[in-house]
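Report on one structure; see the data block that follows.
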Amino acid sequence: MNANINQLAKTFTKDMIGWRRHIHAHPELSGKEKETQKMIMGVLDALGIEHKDNVYGYAVIGTIHGGHEGPNIALRADMDALPIVETTGLPFVSQETGIMHACGHDSHVAILLGTASILQSIRDELHGTVTLVFQPAEEEALIAGAKGIMESGVLDTVDEIFGLHVWPQISVGKIGLKAGHFMAASDRFNVDIVGKATHGAEPHNGIDAIVAAANWITSVESIIARETNPMDQVVCTIGVFQAGERYNVGAGLAHLEGTCRTYDPNKRDYMEARLTKSLEALDSMFGTKSTIEYKRGHGATINSEASVAHAASVVADYLGEEAVQMMEHPSMAAEDFSAYLQHIPGTFIWLGTGFEGNPPLHNAGFTIDESILTSGATMMAGIVWERLCGASNMK
Ligand code: NI
């Protein structure tokens, strides 16, 4: 263990708080992270860290060259915010109306900049390379944030990758780890069920799209409840149901939107095919004409066993045994970190920021306990140090 890392993390805490608050006050939506990119490059310049900004969108890829040869370890932070009106009332509340860092990506960037500060100051001792991945567009599944960076080839020489996410479901000071299934694949669908509008008093002259859609919703529930093994991790939620214009008119159109979350690629295929088939059955039953647009989003995030074991031992050494929280269950939420893990071994990590009254991620009142900036940077720098310079990895 390198106790100097704990000390350096404390030294850079003030900087990290400043960066986090600045980014929090100036959030930018997915694909529009121009000022955030500029700010990150300014900090890397001041630290003397070489970086590229022509990789994908507003991504910044920094490189710390160790004093000795060795593996290449990548660390990733996402940069984007959400279209939410902030209600925290914090002194550094969002200055952009209707945009908020409600998913903690402000702290992810601050932690990675802090980690970069620590590792850059001990770079001569490092046996290998550190690749810093500041990634845009995580929140919008239809913009390929992680995938765009992967496809650029800039990470082709990376041996292992780590990323973290603030996680209010676990307490401040705890680090959530789990090998294998960690976060789900996330798909999105839009459905239109077209019937025939008619006078409410003459249902026989039309085809009621509301009644048909209501039947389809219950059949989707049955696909999950009656066709899916209860041990499989499958969720399907219809979050939008729009139909009808007037109380005494049978509706001619119903529009629905929803999401399917899975881990097993076969289950993913199954859900897509089954939703389509069940609409065909609905049409023959009701005489409606239905269409479905099914869009694949992020793949499942599957953590490598070796990377999780490594992170767990680093957390125990640098933050204390009690900080390690091995998670019993994965989450059905999704992360585009999965795009890296499909090609590079590594692990995604949850950084606990649960405290009494703290709302969940994507809530207008979400915030963090800023002490986690220090522990996050300590952990990430420790992960790199132990991989490149730890007893078992000394070159
Ligand atoms: Ni997030």
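Lettering and numbering for the structure tokens are positional, with chains as A, B, ... in the shown order, residues counted from 1 in each chain, and ligands counted from 1 in the shown order.
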
With a distance cut-off of 8 Å and only C-alpha atoms, select the neighbouring residues of Lys52 of chain A, excluding the residue or stretch itself and same-chain residues fewer than 4 positions from it, and output the selection as a PDB file with all heavy atoms, in the first residue's frame.
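New file out10.pdb:
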```pdb
ATOM      1  N   VAL A  60     -12.568  13.962 -23.826  1.00  0.00           N
ATOM      2  CA  VAL A  60     -11.159  14.307 -23.620  1.00  0.00           C
ATOM      3  C   VAL A  60     -10.454  13.029 -23.166  1.00  0.00           C
ATOM      4  O   VAL A  60     -10.911  12.373 -22.226  1.00  0.00           O
ATOM      5  CB  VAL A  60     -10.975  15.382 -22.519  1.00  0.00           C
ATOM      6  CG1 VAL A  60      -9.496  15.777 -22.410  1.00  0.00           C
ATOM      7  CG2 VAL A  60     -11.844  16.599 -22.776  1.00  0.00           C
ATOM      8  N   ILE A  61      -9.360  12.668 -23.836  1.00  0.00           N
ATOM      9  CA  ILE A  61      -8.591  11.492 -23.441  1.00  0.00           C
ATOM     10  C   ILE A  61      -7.217  11.976 -22.986  1.00  0.00           C
ATOM     11  O   ILE A  61      -6.443  12.512 -23.783  1.00  0.00           O
ATOM     12  CB  ILE A  61      -8.422  10.480 -24.610  1.00  0.00           C
ATOM     13  CG1 ILE A  61      -9.776  10.138 -25.247  1.00  0.00           C
ATOM     14  CG2 ILE A  61      -7.684   9.226 -24.133  1.00  0.00           C
ATOM     15  CD1 ILE A  61     -10.748   9.374 -24.402  1.00  0.00           C
ATOM     16  N   GLY A  62      -6.931  11.819 -21.696  1.00  0.00           N
ATOM     17  CA  GLY A  62      -5.638  12.231 -21.143  1.00  0.00           C
ATOM     18  C   GLY A  62      -4.725  11.019 -20.988  1.00  0.00           C
ATOM     19  O   GLY A  62      -5.203   9.896 -20.839  1.00  0.00           O
TER      20      GLY A  62
END
```

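Residues surrounding Ile149 of chain A within 10 Å are Val55, Tyr56, Gly57, Ala59, Val60, Ile61, Val133, Phe134, Gln135, Pro136, Leu155, Ala339 and Tyr340 of chain A [only C-alpha atoms; sequence separation below 6 positions excluded].
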
Would you kindly return, as JSON, numbers by chain, each protein, DNA or RNA residue with an atom no farther than 9 Å from any atom of Asn363 of chain A, considering only C-alpha atoms and excluding same-chain residues fewer than 2 positions away? {"A": [84, 86, 87, 102, 103, 359, 360, 361, 365, 366]}

Enumerate as a PyMOL selection string the residues within 12 Å of ligand 1, counting only C-alpha atoms and all ligand atoms. chain A and resi 30+77-82+100-109+135-141+163-168+183+333-337+348+350-351+360-363+366

With distances taken over only C-alpha atoms, which of A:Ile223, A:Leu113, A:Ile17, A:Leu132 is nearest to Ile40 of chain A? A:Leu113

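Put simply, atom CA of Thr291 of chain A is 5.4 Å away from atom CA of Asp192 of chain A.
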
Mind checking DSSP for segment 43-275 of chain A and telling me the strand (DSSP E) residues as JSON, numbers by chain? {"A": [50, 51, 52, 60, 61, 62, 63, 64, 65, 68, 69, 70, 71, 72, 73, 74, 75, 76, 77, 78, 127, 128, 129, 130, 131, 132, 133, 134, 135, 160, 161, 162, 163, 164, 165, 166, 167, 168, 169, 170, 171, 175, 176, 177, 180, 181, 182, 183, 185, 186, 187, 188, 189, 190, 191, 192, 193, 194, 198, 199, 234, 235, 236, 237, 238, 239, 240, 241, 242, 243, 249, 250, 253, 254, 255, 256, 257, 258, 259, 260, 261, 262]}

Enumerate the residues of segment 29-229 of chain A with a DSSP assignment of helix (DSSP H, G or I), computed from the backbone, and present them as a ChimeraX atom specification. /A:34-47,105-121,123-125,145-152,203-205,209-227

Looking at A:Glu50, A:Asp15, A:Glu328, A:Glu257, which one is nearest to Glu293 of chain A, with distances taken over only C-alpha atoms? A:Glu257

Contacts of segment 370-385 of chain A at 8 Å or less, counting only C-alpha atoms, minus same-chain residues fewer than 3 places along, as a ChimeraX atom specification? /A:1-2,5-6,9-10,12-13,16-17,73,75,107,110-112,114-116,118-119,126,130,162,172-173,310-311,314-315,318-319,351-353,388-390

Separation of atom CA of Ile349 of chain A and atom CA of Ala323 of chain A, in Å? 12.5 Å

Give me the residues within 8 Å of Ile49 of chain A as a PDB file with N, CA and C atoms, in the first residue's frame, counting only C-alpha atoms and dropping any in the same chain fewer than 3 places off.
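Writing the result to out_31.pdb gives the following:
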```
ATOM      1  N   LEU A  44      -6.178  19.765 -17.067  1.00  0.00           N
ATOM      2  CA  LEU A  44      -5.120  18.842 -17.524  1.00  0.00           C
ATOM      3  C   LEU A  44      -3.892  19.636 -17.992  1.00  0.00           C
ATOM      4  N   ASP A  45      -4.132  20.752 -18.684  1.00  0.00           N
ATOM      5  CA  ASP A  45      -3.008  21.609 -19.104  1.00  0.00           C
ATOM      6  C   ASP A  45      -2.213  22.084 -17.896  1.00  0.00           C
ATOM      7  N   ALA A  46      -2.942  22.551 -16.873  1.00  0.00           N
ATOM      8  CA  ALA A  46      -2.269  23.062 -15.670  1.00  0.00           C
ATOM      9  C   ALA A  46      -1.468  21.955 -14.976  1.00  0.00           C
ATOM     10  N   GLY A  62      -6.931  11.819 -21.696  1.00  0.00           N
ATOM     11  CA  GLY A  62      -5.638  12.231 -21.143  1.00  0.00           C
ATOM     12  C   GLY A  62      -4.725  11.019 -20.988  1.00  0.00           C
ATOM     13  N   THR A  63      -3.417  11.254 -21.035  1.00  0.00           N
ATOM     14  CA  THR A  63      -2.465  10.149 -20.856  1.00  0.00           C
ATOM     15  C   THR A  63      -1.393  10.554 -19.850  1.00  0.00           C
ATOM     16  N   ILE A  64      -1.224   9.722 -18.838  1.00  0.00           N
ATOM     17  CA  ILE A  64      -0.116   9.919 -17.892  1.00  0.00           C
ATOM     18  C   ILE A  64       0.908   8.812 -18.176  1.00  0.00           C
ATOM     19  N   GLN A 120      -0.365  12.037 -11.504  1.00  0.00           N
ATOM     20  CA  GLN A 120       0.627  12.846 -12.226  1.00  0.00           C
ATOM     21  C   GLN A 120       1.769  13.230 -11.287  1.00  0.00           C
TER      22      GLN A 120
END
```

Within 8 Å of segment 193-196 of chain A using only C-alpha atoms, minus same-chain residues under 3 positions, as a ChimeraX atom specification: /A:206-209,212-213,250-255,287-291

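Remark: for Ser278 of chain A, the closest of the candidate residues A:Ile344, A:Ala300, A:Val191, A:Ala225 is A:Val191 (distances computed over only C-alpha atoms).
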
List the spatial neighbours of segment 229-241 of chain A as number ranges by chain - criterion: any atom at most 12 Å away, only C-alpha atoms, same-chain residues fewer than 3 positions off excluded. A: 181-193, 209-210, 213-214, 216-226, 244, 253-272, 274-275, 300, 329-334

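The spacing separating atom CA of His22 of chain A from atom CA of Ile99 of chain A amounts to 14.1 Å.
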
Let me make sure I understand: among A:His204, A:Lys174, A:His65, A:Arg387, which one has the smallest atom-to-atom distance to Glu321 of chain A if we use only C-alpha atoms? A:Lys174
